[in-house]
Amino acid sequence: MSDQPGRVRYLTVVEVADVMRVSKMTVYRLLHSGELPGVRVGRSFRVPQDALDAYLRSSMSSVTPEQDTERRSS
């Protein structure tokens, strides 16, 4: 896929799960709950790269430095 300006890159559920290091079912739950925006294409979902980036940024902003340190040490 090319990186042309103005073009949106869409990720599959498997690609999103790989990036987030979670199961596909977790991604489906996020999509169905509306926490992670996605587009339905036939019977499958696609997630805009920008939406995933925004979701991860917002999730990281809710982690305090103490929680981040605890996660790394366990």
# chains A, B, ... in the order shown; residues from 1 in each chain; ligands from 1
call {"tool": "residues_around", "arguments": {"residues": "range 15-17 of chain A", "least_positions_apart": "4", "cutoff": "10 Å", "atoms": "only C-alpha atoms", "output": "ChimeraX atom specification"}}
result
/A:10-11,21-28,46-49,52
call {"tool": "write_last_selection", "arguments": {"atoms": "N, CA, C and O atoms", "output": "PDB file, in the first residue's frame"}}
result
ATOM      1  N   TYR A  10      -6.213   1.397   5.793  1.00  0.00           N
ATOM      2  CA  TYR A  10      -7.127   0.599   6.600  1.00  0.00           C
ATOM      3  C   TYR A  10      -6.440  -0.701   7.002  1.00  0.00           C
ATOM      4  O   TYR A  10      -5.781  -1.344   6.179  1.00  0.00           O
ATOM      5  N   LEU A  11      -6.611  -1.078   8.266  1.00  0.00           N
ATOM      6  CA  LEU A  11      -6.009  -2.286   8.797  1.00  0.00           C
ATOM      7  C   LEU A  11      -7.077  -3.341   9.046  1.00  0.00           C
ATOM      8  O   LEU A  11      -8.205  -3.013   9.417  1.00  0.00           O
ATOM      9  N   ARG A  21      -1.041  -6.151  20.306  1.00  0.00           N
ATOM     10  CA  ARG A  21      -0.629  -7.359  21.025  1.00  0.00           C
ATOM     11  C   ARG A  21      -1.755  -7.892  21.907  1.00  0.00           C
ATOM     12  O   ARG A  21      -1.569  -8.171  23.091  1.00  0.00           O
ATOM     13  N   VAL A  22      -2.939  -7.987  21.288  1.00  0.00           N
ATOM     14  CA  VAL A  22      -4.123  -8.539  21.942  1.00  0.00           C
ATOM     15  C   VAL A  22      -4.742  -9.562  20.990  1.00  0.00           C
ATOM     16  O   VAL A  22      -4.299  -9.722  19.852  1.00  0.00           O
ATOM     17  N   SER A  23      -5.785 -10.233  21.449  1.00  0.00           N
ATOM     18  CA  SER A  23      -6.464 -11.214  20.593  1.00  0.00           C
ATOM     19  C   SER A  23      -7.404 -10.510  19.612  1.00  0.00           C
ATOM     20  O   SER A  23      -7.790  -9.350  19.811  1.00  0.00           O
ATOM     21  N   LYS A  24      -7.787 -11.235  18.574  1.00  0.00           N
ATOM     22  CA  LYS A  24      -8.758 -10.712  17.618  1.00  0.00           C
ATOM     23  C   LYS A  24     -10.073 -10.407  18.326  1.00  0.00           C
ATOM     24  O   LYS A  24     -10.729  -9.417  18.015  1.00  0.00           O
ATOM     25  N   MET A  25     -10.459 -11.251  19.277  1.00  0.00           N
ATOM     26  CA  MET A  25     -11.720 -11.054  19.996  1.00  0.00           C
ATOM     27  C   MET A  25     -11.719  -9.725  20.748  1.00  0.00           C
ATOM     28  O   MET A  25     -12.742  -9.024  20.789  1.00  0.00           O
ATOM     29  N   THR A  26     -10.592  -9.335  21.297  1.00  0.00           N
ATOM     30  CA  THR A  26     -10.503  -8.042  21.986  1.00  0.00           C
ATOM     31  C   THR A  26     -10.752  -6.905  21.004  1.00  0.00           C
ATOM     32  O   THR A  26     -11.460  -5.950  21.316  1.00  0.00           O
ATOM     33  N   VAL A  27     -10.188  -7.014  19.811  1.00  0.00           N
ATOM     34  CA  VAL A  27     -10.395  -5.980  18.785  1.00  0.00           C
ATOM     35  C   VAL A  27     -11.868  -5.937  18.395  1.00  0.00           C
ATOM     36  O   VAL A  27     -12.459  -4.855  18.287  1.00  0.00           O
ATOM     37  N   TYR A  28     -12.489  -7.108  18.205  1.00  0.00           N
ATOM     38  CA  TYR A  28     -13.914  -7.141  17.874  1.00  0.00           C
ATOM     39  C   TYR A  28     -14.745  -6.495  18.981  1.00  0.00           C
ATOM     40  O   TYR A  28     -15.692  -5.756  18.694  1.00  0.00           O
ATOM     41  N   ARG A  46     -12.667  -3.097   8.922  1.00  0.00           N
ATOM     42  CA  ARG A  46     -11.387  -2.447   8.653  1.00  0.00           C
ATOM     43  C   ARG A  46     -11.299  -1.254   9.603  1.00  0.00           C
ATOM     44  O   ARG A  46     -12.286  -0.555   9.848  1.00  0.00           O
ATOM     45  N   VAL A  47     -10.094  -1.010  10.110  1.00  0.00           N
ATOM     46  CA  VAL A  47      -9.872   0.075  11.064  1.00  0.00           C
ATOM     47  C   VAL A  47      -8.919   1.075  10.421  1.00  0.00           C
ATOM     48  O   VAL A  47      -7.806   0.705  10.013  1.00  0.00           O
ATOM     49  N   PRO A  48      -9.322   2.342  10.334  1.00  0.00           N
ATOM     50  CA  PRO A  48      -8.405   3.349   9.797  1.00  0.00           C
ATOM     51  C   PRO A  48      -7.171   3.478  10.692  1.00  0.00           C
ATOM     52  O   PRO A  48      -7.283   3.480  11.920  1.00  0.00           O
ATOM     53  N   GLN A  49      -6.003   3.545  10.074  1.00  0.00           N
ATOM     54  CA  GLN A  49      -4.747   3.671  10.829  1.00  0.00           C
ATOM     55  C   GLN A  49      -4.800   4.867  11.778  1.00  0.00           C
ATOM     56  O   GLN A  49      -4.363   4.771  12.922  1.00  0.00           O
ATOM     57  N   LEU A  52      -6.745   4.028  14.918  1.00  0.00           N
ATOM     58  CA  LEU A  52      -5.967   3.187  15.831  1.00  0.00           C
ATOM     59  C   LEU A  52      -4.921   4.024  16.559  1.00  0.00           C
ATOM     60  O   LEU A  52      -4.765   3.902  17.777  1.00  0.00           O
TER      61      LEU A  52
END
call {"tool": "select_by_dssp", "arguments": {"residues": "range 1-35 of chain A", "states": "helix (DSSP H, G or I)", "output": "list in words"}}
result
Val13, Val14, Glu15, Val16, Ala17, Asp18, Val19, Met20, Lys24, Met25, Thr26, Val27, Tyr28, Arg29, Leu30, Leu31, His32 and Ser33 of chain A
call {"tool": "residues_around", "arguments": {"residues": "Leu56 in chain A", "least_positions_apart": "2", "cutoff": "12 Å", "atoms": "only C-alpha atoms", "output": "PyMOL selection string"}}
result
chain A and resi 16+19-21+35-36+49-54+58-63
call {"tool": "atom_distance", "arguments": {"atom1": "CA of Gly6 in chain A", "atom2": "CA of Tyr55 in chain A"}}
result
19.9 Å
call {"tool": "atom_distance", "arguments": {"atom1": "CA of Ser44 in chain A", "atom2": "CA of Leu31 in chain A"}}
result
11.1 Å
